[in-house]
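Heads up, the thing below is written out as C-alpha cells.
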Amino acid sequence: MEDLLANPESSRPFPLEHHKLVFHEVSARLIFQDHIDDELDADLIIFLSRHSSENPFPVLTVHVTGNIGPARLGGITGSLAVASPPWMHAVLCNLNKNAPEGYRVTYEITHHGPTELSTPSFFVEIGSTGKEWTDARAGHTVALSVFEADPADTVNVLGIGGTHYARRETEIAIRSRTAFGHIVHSRFVSSLDTMMLSALAEKSSANAVYIDKKAITPGEMEMIETVLMGLGIPRLSEHELLQLRSISWSTWEEIRRSAQELHSGSDISISAGMKDGSPHVLWLPDDLVAETIRVNLCGLREGIGKLPVASLSSRGNPLLPVFITTEENPALVLNDLISLCVTLICSGETTAVEGDRLIISRTRFDPEKARHLGIPRGPLFGELMKGGVVNVNGREITPDMVRTRTVTCIRIPGLEKLI
C-alpha cells in the first residue's frame with residue numbers, strides 16, 4: 001500500500017485518502033484479534049489477510065466475520081462481528097474491476113473470527129496458496145481496490161443459502177446496488193432461529209433478506225419466511241434486487257407497500273426509468289390490458305419497460321391492470337400506457353375508433369360451421385383455415401362460409417385525443 005501511495009503516477013487522491021488512515025500490524029493471526037478495536041481509534045477496520053482452502057485456486061475475497069455455528073477458527077460460538085455492507089460492496093466491485101487474469105472475485109460466507117468487535121469490519125483476502133500470497137499483481141489489486149473504495153447508496157441485505165464462495169450473492173452485488181453483510185452457509189440454515197436471524201440482520205444493517213432458494217430445502221424456506229415475517233424483515237428475490245437501480249430504499253418500500261395493498265402477494269417489476277418520489281397508482285381498463293396481453297404480451301412488456309412505472313403480476317396473471325409511477329405528472333404516464341396498449345392492439349387486429357370506444361373486429365375459422373356443411377376434420381379444415389377453397393360432394397366451400405365474426409368494444413375515456 002505504501003508503494004501505491006508513493007507512486008507519483010497513481011490517480012491521486014484516492015477516495016480512501018479523504019479519511020484518516022492508520023496502518024496497524026499484529027504478529028498473531030487476525031482471526032484471533034477479538035477486541036482489537038479497543039486499542040484503535042477507528043470507525044472502520046479492514047483486515048488485509050491471506051486465504052487458504054482445501055481446494056486451492058487463485059481468488060480475491062471479501063467477507064465479514066462471525067460464527068453462526070461452532071467457533072473452530074477464532075471468535076466465540078454464536079457471535080457475530082458488525083458488518084459494513086457499503087464498504088464491502090465497494091471493495092468487491094473494485095476487485096472485480098481490477099482483478100488480474102486468472103483470479104476469481106467473490107464474497108465468502110460468514111465463518112471465522114474475530115467476532116468480538118463493536119467497530120464495523122471486514123476481511124479482504126488473497127488466496128489460496130503461497131504462489132498467490134506472494135503475487136505482486138494480487139497485492140497491487142487489493143491495495144488499489146481498497147484505496148479506490150467510495151461507498152455509494154446501497155441496499156443492505158442479509159444473504160442466506162449457498163456454499164463457501166457465495167456465488168449468487170456475488171453476482172447480484174456486482175450487477176446492482178445490493179450490498180451483502182453476513183452470508184449464511186446452507187449447512188447452518190436449519191439451525192437458525194429468531195434470535196440468530198435477528199442478530200444477523202442487525203449486524204448487517206439489513207434492509208432485507210435474500211434467500212438462495214435452490215440452496216435450501218422447502219421446509220427451511222418456510223421456517224425462515226415465518227421468522228422473517230415475525231421480525232418484519234422483507235425477503236427480496238434476485239429479480240427485485242436487480243431492479244433497485246436509482247431509487248432509494250424508502251421509495252422502494254412505498255412502492256412495495258402500495259403494491260401489496262392493491263394486490264396482496266403480487267410480484268413487482270420496476271422499469272429502469274423509475275425515479276425517487278411519491279407513488280401514484282394508475283388504473284387501466286381491465287379489458288384493454290387483457291386484449292393487449294392476448295395480442296402482443298412481449299410487445300407490451302417491452303413498451304412498459306421504457307416507461308417510468310412499476311408493473312404488477314400474480315400467479316396465473318402475467319400483468320395486472322394497475323401500475324405505479326413516481327412521476328410528478330402521472331396523467332402523462334397514464335396516457336402513454338393507454339397509447340401503448342391501443343397501438344399494439346391496432347397493429348395486430350382490425351380496429352376502428354368511435355368516440356371513446358375502440359372497436360375490434362375479429363374473424364376466425366368456426367369448426368362447427370364446417371362440420372354443419374359436411375366437411376370432415378382433417379386436411380380440408382387446414383385448407384380452409386389457410387384461406388383456400390375446398391369441394392365437398394360437388395359443392396364449393398369458401399373460407400367465408402366457415403368463419404365467425406366477433407366484435408369487441410373497449411371504452412377508453414379520452415381515446416380520440418390519444419390517437
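For the C-alpha cells, the naming scheme is as follows: chains receive sequential letters (A, B, ...) according to their order of presentation, residues are indexed from 1 within each chain, and ligands are indexed from 1 in presentation order.
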
Alpha helix (DSSP H) per DSSP on the backbone: members of stretch 133-309 of chain A, as a PyMOL selection string:
chain A and resi 133+136-147+167-175+194-203+218-231+238-243+249-262+286-304

Contact residues around A:Ile172 with only C-alpha atoms at 12 Å, ignoring same-chain residues under 3 positions, as a PyMOL selection string:
chain A and resi 89+92-93+106-107+155+157+159+166-169+175-180+210-212+236-244

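The spacing separating atom CA of A:Arg405 from atom CA of A:Thr350 amounts to 11.4 Å.
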
Could you list, as an MDAnalysis selection string, every residue within 12 Å of stretch 44-47 of chain A, counting only C-alpha atoms and ignoring same-chain residues fewer than 6 positions away?
chainID A and resid 16 19:26 29:33 35:38 61:65 81:88 91 113:114 117:126 142:143 146:147 149

Which of stretch 279-326 of chain A fall in strand (DSSP E or B), as a VMD selection string
chain A and resid 280 to 283 309 to 314 317 322 to 325

Contact residues around A:Asn329 with only C-alpha atoms at 12 Å, ignoring same-chain residues under 2 positions, as an mmCIF file with C-alpha atoms, in the first residue's frame:
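Written out: around.cif:
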data_model
loop_
_atom_site.group_PDB
_atom_site.id
_atom_site.type_symbol
_atom_site.label_atom_id
_atom_site.label_comp_id
_atom_site.auth_asym_id
_atom_site.auth_seq_id
_atom_site.Cartn_x
_atom_site.Cartn_y
_atom_site.Cartn_z
ATOM 1 C CA GLY A 277 -40.691 10.209 -5.470
ATOM 2 C CA SER A 278 -44.153 9.593 -4.056
ATOM 3 C CA PRO A 279 -46.006 6.640 -5.628
ATOM 4 C CA HIS A 280 -49.123 7.299 -7.724
ATOM 5 C CA VAL A 281 -51.450 4.442 -8.669
ATOM 6 C CA LEU A 282 -52.628 4.260 -12.289
ATOM 7 C CA PRO A 308 -41.263 5.147 -15.595
ATOM 8 C CA THR A 325 -45.359 5.679 -11.033
ATOM 9 C CA THR A 326 -43.386 8.302 -9.133
ATOM 10 C CA GLU A 327 -43.560 10.953 -11.849
ATOM 11 C CA ALA A 331 -51.613 11.716 -16.083
ATOM 12 C CA LEU A 332 -48.956 11.820 -18.816
ATOM 13 C CA VAL A 333 -47.705 8.361 -17.842
ATOM 14 C CA LEU A 334 -51.278 7.038 -17.874
ATOM 15 C CA ASN A 335 -51.749 8.443 -21.391
ATOM 16 C CA ASP A 336 -48.513 6.758 -22.507
#

Using only C-alpha atoms: which of A:Gly69, A:Arg362, A:Leu344, A:Ile255 has the shortest distance to A:Val309
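Result for the nearest residue to A:Val309: A:Ile255.
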
Counting only C-alpha atoms, the residue of A:Pro376, A:Gly394, A:Pro15, A:Gly388 that sits nearest A:Ala152:
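Using only C-alpha atoms, the shortest distance to A:Ala152 belongs to A:Pro15.
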